[in-house]
Each structure stands twice: as C-alpha cells, then as structure tokens.
$ cat input_32.txt   # compact mmCIF, C-alpha atoms
# COMPACT_ATOMS: atom_id res chain seq x y z
CA MET A 1 65.45 21.95 -21.31
CA THR A 2 68.32 23.00 -19.12
CA ASP A 3 69.87 20.82 -16.45
CA ASP A 4 68.37 23.06 -13.74
CA ALA A 5 64.91 22.75 -15.24
CA THR A 6 65.25 18.98 -15.58
CA THR A 7 66.31 18.66 -11.95
CA ALA A 8 63.54 20.98 -10.84
CA ALA A 9 60.92 19.11 -12.87
CA GLY A 10 61.89 15.88 -11.14
CA ALA A 11 61.45 17.50 -7.73
CA THR A 12 57.83 18.60 -8.18
CA GLY A 13 56.52 15.46 -6.51
CA THR A 14 57.97 16.54 -3.16
CA LEU A 15 56.77 20.14 -3.22
CA GLY A 16 54.11 21.38 -0.86
CA TYR A 17 51.30 23.53 -2.18
CA GLU A 18 52.75 26.82 -0.96
CA GLN A 19 56.21 26.02 -2.36
CA ALA A 20 54.78 25.11 -5.77
CA ARG A 21 52.51 28.17 -5.81
CA ASP A 22 55.34 30.54 -4.88
CA GLU A 23 57.66 29.06 -7.49
CA LEU A 24 54.88 29.25 -10.10
CA ILE A 25 54.39 32.93 -9.31
CA GLU A 26 58.12 33.49 -9.83
CA VAL A 27 58.08 31.58 -13.14
CA VAL A 28 55.17 33.68 -14.40
CA ARG A 29 56.91 36.88 -13.28
CA ARG A 30 60.07 35.92 -15.19
CA LEU A 31 58.11 35.03 -18.32
CA GLU A 32 56.12 38.27 -18.20
CA ALA A 33 59.29 40.32 -17.67
CA GLY A 34 60.74 39.02 -20.93
CA GLY A 35 64.40 39.18 -21.74
CA THR A 36 64.88 35.41 -21.80
CA THR A 37 65.96 33.34 -24.75
CA LEU A 38 63.50 31.08 -26.52
CA GLU A 39 65.07 28.02 -24.87
CA GLU A 40 64.88 29.62 -21.41
CA SER A 41 61.28 30.68 -22.02
CA LEU A 42 60.31 27.17 -23.04
CA ALA A 43 62.02 25.69 -19.99
CA LEU A 44 60.21 28.18 -17.75
CA TRP A 45 56.88 27.43 -19.42
CA GLU A 46 57.41 23.67 -18.97
CA ARG A 47 58.31 24.20 -15.32
CA GLY A 48 55.22 26.35 -14.89
CA GLU A 49 53.03 23.59 -16.32
CA GLU A 50 54.51 21.07 -13.87
CA LEU A 51 54.04 23.44 -10.95
CA ALA A 52 50.44 24.11 -11.97
CA LYS A 53 49.80 20.35 -11.97
CA VAL A 54 51.27 20.06 -8.47
CA CYS A 55 49.04 22.89 -7.24
CA ARG A 56 46.00 21.35 -8.92
CA ARG A 57 46.68 17.96 -7.26
CA TRP A 58 47.02 19.60 -3.83
CA LEU A 59 43.80 21.55 -4.31
CA GLU A 60 41.90 18.50 -5.57
CA GLY A 61 43.15 16.52 -2.58
CA ALA A 62 42.11 19.29 -0.20
CA ARG A 63 38.67 19.43 -1.83
CA ALA A 64 38.26 15.66 -1.48
CA ARG A 65 39.23 15.83 2.21
CA LEU A 66 36.78 18.66 2.84
CA ASP A 67 34.00 16.84 1.00
CA ALA A 68 34.68 13.68 3.02
CA ALA A 69 34.72 15.61 6.29
CA LEU A 70 31.49 17.39 5.45
CA ALA A 71 29.84 14.16 4.32
CA GLY A 72 30.96 12.22 7.41
CA PRO A 73 28.54 13.68 10.00
CA ALA A 74 25.58 13.45 7.60
CA ASP A 75 26.34 9.80 6.87
CA SER A 76 26.55 8.91 10.56
CA GLN A 77 23.22 10.63 11.29
CA GLU A 78 21.55 8.63 8.54
CA ASN A 79 22.95 5.41 10.04
CA GLY A 80 21.12 5.72 13.34
CA GLY A 81 22.45 8.64 15.28
CA GLY A 82 26.20 8.71 14.95
CA THR A 83 27.40 5.13 15.37
CA THR A 84 30.61 4.77 13.44
CA ALA A 85 32.46 1.65 12.44
CA ALA A 86 35.10 2.40 15.10
CA THR A 87 32.43 2.80 17.79
CA ALA A 88 30.68 -0.37 16.69
CA THR A 89 33.96 -2.31 16.75
CA ALA A 90 34.88 -1.00 20.21
CA THR A 91 31.42 -1.90 21.50
CA ALA A 92 31.65 -5.41 20.04
CA ASP A 93 35.10 -5.91 21.58
CA ASN A 94 33.90 -4.83 25.03
CA GLY A 95 30.65 -6.70 25.02
$ encode --input "input_32.txt" --output "structure tokens"
Amino acid sequence: MTDDATTAAGATGTLGYEQARDELIEVVRRLEAGGTTLEESLALWERGEELAKVCRRWLEGARARLDAALAGPADSQENGGGTTAATATATADNG
C-alpha cells in the first residue's frame, strides 16, 4: 500500500457519507479505466473496501434512526395516548 493510501485509509472514520460515496465512485472509475500497476490497483481496491464500509455504516445508522423515529409514535400511542418519559418527568417535577 502506498503512503497516500495508508493516510487515506486512516481518514475514513471522519468521512461523511457523501464524501465517502464520491471518493468510492472515483476509485471504481480509476479501477475500471485500467492503466494502473498491480500495486496501485490493489491499493485502490483496498481503499474502495474501506470506503464501502464507511458508506454501509452511515446507511445502517440512517436506517436505525428512521426505524426509531417511525417506531416512536406507535410506542407512545400504545402507552396511553402519547405520554413520553420527558412529559412524565416534567409533570412530576411540576406537581
């Protein structure tokens, strides 16, 4: 792996979804274009794998947030018409 690829691989933890996706698209484009050495191709492939993991984590996190948001109103309706823990605490503090 080259120094650039090593540095880039260490920076994947700070990438946003769009940054990782855009860089992954560029990596795939370069691999598909050919003309790179075996070592460069391997470094690009490894970088692509890391970027794909970053994208997957972002998407899984987004899915979990959506699921929680969609489940929230249903849970509060089942618990007696929308009383939340925050509402119950505020009521207890005031009363």
$ closest_residue --input "input_32.txt" --among "A:Asp67, A:Glu40, A:Glu32, A:Glu18" --to "A:Ala52" --atoms "all atoms listed in the file"
A:Glu18
$ atom_distance --input "input_32.txt" --atom1 "atom CA of A:Gly16" --atom2 "atom CA of A:Arg57"
10.4 Å
$ closest_residue --input "input_32.txt" --among "A:Ala20, A:Thr14, A:Arg65, A:Ala71" --to "A:Lys53" --atoms "all atoms listed in the file"
A:Ala20
$ atom_distance --input "input_32.txt" --atom1 "atom CA of A:Leu44" --atom2 "atom CA of A:Ile25"
11.3 Å
$ atom_distance --input "input_32.txt" --atom1 "atom CA of A:Glu26" --atom2 "atom CA of A:Gly61"
23.8 Å
